[in-house]
Amino acid sequence: MNRVMNFGFLISDFGLQVKRGKIRNPQSAIRNGKGFTLLEVLLAMSLLALVMTGIYTSFSTASQSVDIAETIRDETDLARTLIARLSHDIENADCDHVTYGAVFYGKKEEVETEGGKRRHDSLALTTLTNFPRPDSKETELLEADYYFKEKADGKGYSLMRREKRELSQDIPPLEGGVEYEITDQVSELRFRYYSGTGSTWVDEWGAKNCNQGRPAIVELTLVLLSGKQYSTEVRAKDAI
């Protein structure tokens with residue numbers, strides 16, 4: 001409290017001396033008293049602002065780089081997971097168990113979007129990738145269908161998967177089972193099929209049964225909403 005009163009007294013005395021003409025150049029007096037002029041204060045504030053701007057820009061750039069890296073990582077993980085799942089089903093495709101309604105049916109489909117036409121191909125197949133649950137009628141064979149479905153709000157499409165684990169002649173292929181959404185981050189899914197040596201690649205395969213057998217090679221191309229494209233070729237085991 002005493003320090004505040006003393007400081008106030010000094011300021012009052014300084015002002016009185018200026019008024020009486022004893023101090024003709026107040027700025028010089030302030031400098032001699034180790035003070036700062038207004039110009040010096042403004043210059044210091046400008047330099048501080050420049051330093052703070054540089055620091056903020058550095059942190060902002062680093063944060064953006066981290067976000068971009070995480071997005072790329074997430075997209076890559078999604079693409080790898082989808083391709084691995086599709087490849088596993090195709091590799092183990094089975095057309096021998098016709099009594100269970102075996103199927104291998106690839107259909108080329110196109111939809112009109114704001115960005116133009118996009119391939120939303122579908123694929124239905126029976127595959128030996130099921131792990132039967134205890135005390136159930138399930139076998140190693142299941143029917144897996146991949147297809148696109150428009151969202152409820154009409155804004156885009158979702159890639160779907162339908163699984164039918166208990167196969168029988170009572171339920172026709174492409175019917176029954178449980179469907180669920182895989183992701184809504186896929187822009188296109190394209191399939192091409194190759195039957196064997198000397199044949200040509202085709203965009204569609206078979207019908208709602210296995211009367212055409214399985215293709216020797218399936219080429220699948222996955223395009224994400226970001227525009228990133230991933231492709232691979234899958235060879236079916238013991239393909240006809």
# chains A, B, ... in the order shown; residues from 1 in each chain; ligands from 1
>>> residues_around(residues="region 223-238 of chain A", least_positions_apart="6", cutoff="8 Å", atoms="only C-alpha atoms", output="list in words")
Glu75, Ala79, Ile83, Ser87, Ile90, Glu91, Asn92, Ala93, Gln185, Val186, Ser187, Glu188, Leu189, Arg214, Pro215, Ala216 and Ile217 of chain A
>>> residues_around(residues="Asp94 (chain A)", least_positions_apart="5", cutoff="8 Å", atoms="only C-alpha atoms", output="PDB file with N, CA and C atoms, in the first residue's frame")
ATOM      1  N   ALA A 102     -26.071 -73.081 -54.159  1.00  0.00           N
ATOM      2  CA  ALA A 102     -24.827 -72.361 -54.405  1.00  0.00           C
ATOM      3  C   ALA A 102     -25.016 -71.316 -55.501  1.00  0.00           C
ATOM      4  N   VAL A 103     -24.278 -70.208 -55.392  1.00  0.00           N
ATOM      5  CA  VAL A 103     -24.422 -69.103 -56.340  1.00  0.00           C
ATOM      6  C   VAL A 103     -23.094 -68.379 -56.513  1.00  0.00           C
ATOM      7  N   LEU A 125     -22.193 -64.621 -53.778  1.00  0.00           N
ATOM      8  CA  LEU A 125     -21.491 -65.891 -53.925  1.00  0.00           C
ATOM      9  C   LEU A 125     -21.642 -66.724 -52.665  1.00  0.00           C
ATOM     10  N   THR A 126     -21.560 -68.027 -52.846  1.00  0.00           N
ATOM     11  CA  THR A 126     -21.464 -68.924 -51.703  1.00  0.00           C
ATOM     12  C   THR A 126     -19.985 -69.200 -51.465  1.00  0.00           C
ATOM     13  N   THR A 127     -19.579 -69.162 -50.221  1.00  0.00           N
ATOM     14  CA  THR A 127     -18.163 -69.243 -49.907  1.00  0.00           C
ATOM     15  C   THR A 127     -17.949 -70.054 -48.636  1.00  0.00           C
ATOM     16  N   LEU A 128     -16.840 -70.760 -48.596  1.00  0.00           N
ATOM     17  CA  LEU A 128     -16.502 -71.612 -47.454  1.00  0.00           C
ATOM     18  C   LEU A 128     -15.730 -70.810 -46.407  1.00  0.00           C
ATOM     19  N   LEU A 141     -20.331 -73.409 -45.324  1.00  0.00           N
ATOM     20  CA  LEU A 141     -20.777 -72.663 -46.495  1.00  0.00           C
ATOM     21  C   LEU A 141     -21.770 -71.575 -46.080  1.00  0.00           C
ATOM     22  N   ARG A 214     -17.215 -70.918 -61.447  1.00  0.00           N
ATOM     23  CA  ARG A 214     -16.547 -69.755 -60.889  1.00  0.00           C
ATOM     24  C   ARG A 214     -15.501 -69.234 -61.852  1.00  0.00           C
TER      25      ARG A 214
END
>>> select_by_dssp(residues="region 125-181 of chain A", states="strand (DSSP E or B)", output="JSON, numbers by chain")
{"A": [125, 126, 127, 142, 143, 144, 145, 146, 147, 148, 149, 150, 157, 158, 159, 160, 161, 162, 163, 164, 178, 179, 180, 181]}
>>> residues_around(residues="Val202 (chain A)", least_positions_apart="4", cutoff="7 Å", atoms="only C-alpha atoms", output="PyMOL selection string")
chain A and resi 192-194
>>> write_last_selection(atoms="N, CA and C atoms", output="PDB file, in the first residue's frame")
ATOM      1  N   ARG A 192     -14.319 -57.317 -62.479  1.00  0.00           N
ATOM      2  CA  ARG A 192     -14.139 -57.912 -63.804  1.00  0.00           C
ATOM      3  C   ARG A 192     -13.776 -59.377 -63.595  1.00  0.00           C
ATOM      4  N   TYR A 193     -14.178 -60.222 -64.553  1.00  0.00           N
ATOM      5  CA  TYR A 193     -14.045 -61.669 -64.390  1.00  0.00           C
ATOM      6  C   TYR A 193     -13.320 -62.276 -65.588  1.00  0.00           C
ATOM      7  N   TYR A 194     -12.480 -63.268 -65.273  1.00  0.00           N
ATOM      8  CA  TYR A 194     -11.712 -63.961 -66.311  1.00  0.00           C
ATOM      9  C   TYR A 194     -11.887 -65.461 -66.102  1.00  0.00           C
TER      10      TYR A 194
END
>>> closest_atom_pairs(of="region 26-145 of chain A", to="region 208-212 of chain A", cutoff="8 Å", atoms="only C-alpha atoms", output="CSV")
residue,atom,partner,partner_atom,distance
A:Cys95,CA,A:Cys210,CA,5.6
A:Val98,CA,A:Cys210,CA,7.6
A:Gly101,CA,A:Asn209,CA,7.0
A:Ala102,CA,A:Cys210,CA,6.0
A:Val103,CA,A:Asn209,CA,4.2
A:Phe104,CA,A:Cys210,CA,5.5
A:Tyr105,CA,A:Lys208,CA,5.9
>>> closest_residue(among="A:Ala207, A:Glu166, A:Leu86, A:Phe191", to="Thr221 (chain A)", atoms="only C-alpha atoms")
A:Phe191
>>> atom_distance(atom1="CA of Lys107 (chain A)", atom2="CA of Pro172 (chain A)")
17.6 Å
>>> closest_residue(among="A:Thr129, A:Thr81, A:Ser60, A:Ser46", to="Thr183 (chain A)", atoms="only C-alpha atoms")
A:Thr81
>>> residues_around(residues="Leu174 (chain A)", least_positions_apart="6", cutoff="9 Å", atoms="only C-alpha atoms", output="CSV table (one decimal) with N, CA and C atoms, in the first residue's frame")
chain,number,residue,atom,x,y,z
A,103,VAL,N,-24.3,-70.2,-55.4
A,103,VAL,CA,-24.4,-69.1,-56.3
A,103,VAL,C,-23.1,-68.4,-56.5
A,124,ALA,N,-22.7,-61.7,-55.6
A,124,ALA,CA,-23.3,-62.6,-54.6
A,124,ALA,C,-22.6,-64.0,-54.9
A,143,GLU,N,-23.8,-67.8,-47.8
A,143,GLU,CA,-24.0,-66.9,-48.9
A,143,GLU,C,-23.7,-65.5,-48.5
A,144,ALA,N,-22.8,-64.8,-49.2
A,144,ALA,CA,-22.4,-63.4,-49.0
A,144,ALA,C,-22.7,-62.6,-50.2
A,145,ASP,N,-23.4,-61.5,-50.0
A,145,ASP,CA,-23.8,-60.6,-51.1
A,145,ASP,C,-23.2,-59.2,-50.7
A,162,ARG,N,-24.8,-58.8,-47.1
A,162,ARG,CA,-25.9,-59.6,-46.6
A,162,ARG,C,-25.3,-61.0,-46.4
A,164,LYS,N,-26.2,-65.0,-45.3
A,164,LYS,CA,-27.1,-66.1,-45.1
A,164,LYS,C,-26.3,-67.3,-44.6
A,208,LYS,N,-28.3,-66.3,-61.1
A,208,LYS,CA,-28.6,-66.6,-59.7
A,208,LYS,C,-28.4,-68.1,-59.4
>>> atom_distance(atom1="CA of Glu40 (chain A)", atom2="CA of Tyr56 (chain A)")
24.3 Å
>>> closest_atom_pairs(of="region 24-126 of chain A", to="region 149-156 of chain A", cutoff="12 Å", atoms="only C-alpha atoms", output="tab-separated table")
residue	atom	partner	partner_atom	distance
A:Glu109	CA	A:Lys149	CA	12.0
A:Val111	CA	A:Glu150	CA	10.4
A:Glu112	CA	A:Gly156	CA	10.9
A:Thr113	CA	A:Gly156	CA	8.5
A:Glu114	CA	A:Gly156	CA	10.0
A:Gly115	CA	A:Gly156	CA	11.5
A:Arg118	CA	A:Gly156	CA	11.6
A:His120	CA	A:Lys149	CA	9.4
A:Asp121	CA	A:Lys149	CA	11.3
A:Ser122	CA	A:Lys149	CA	10.5
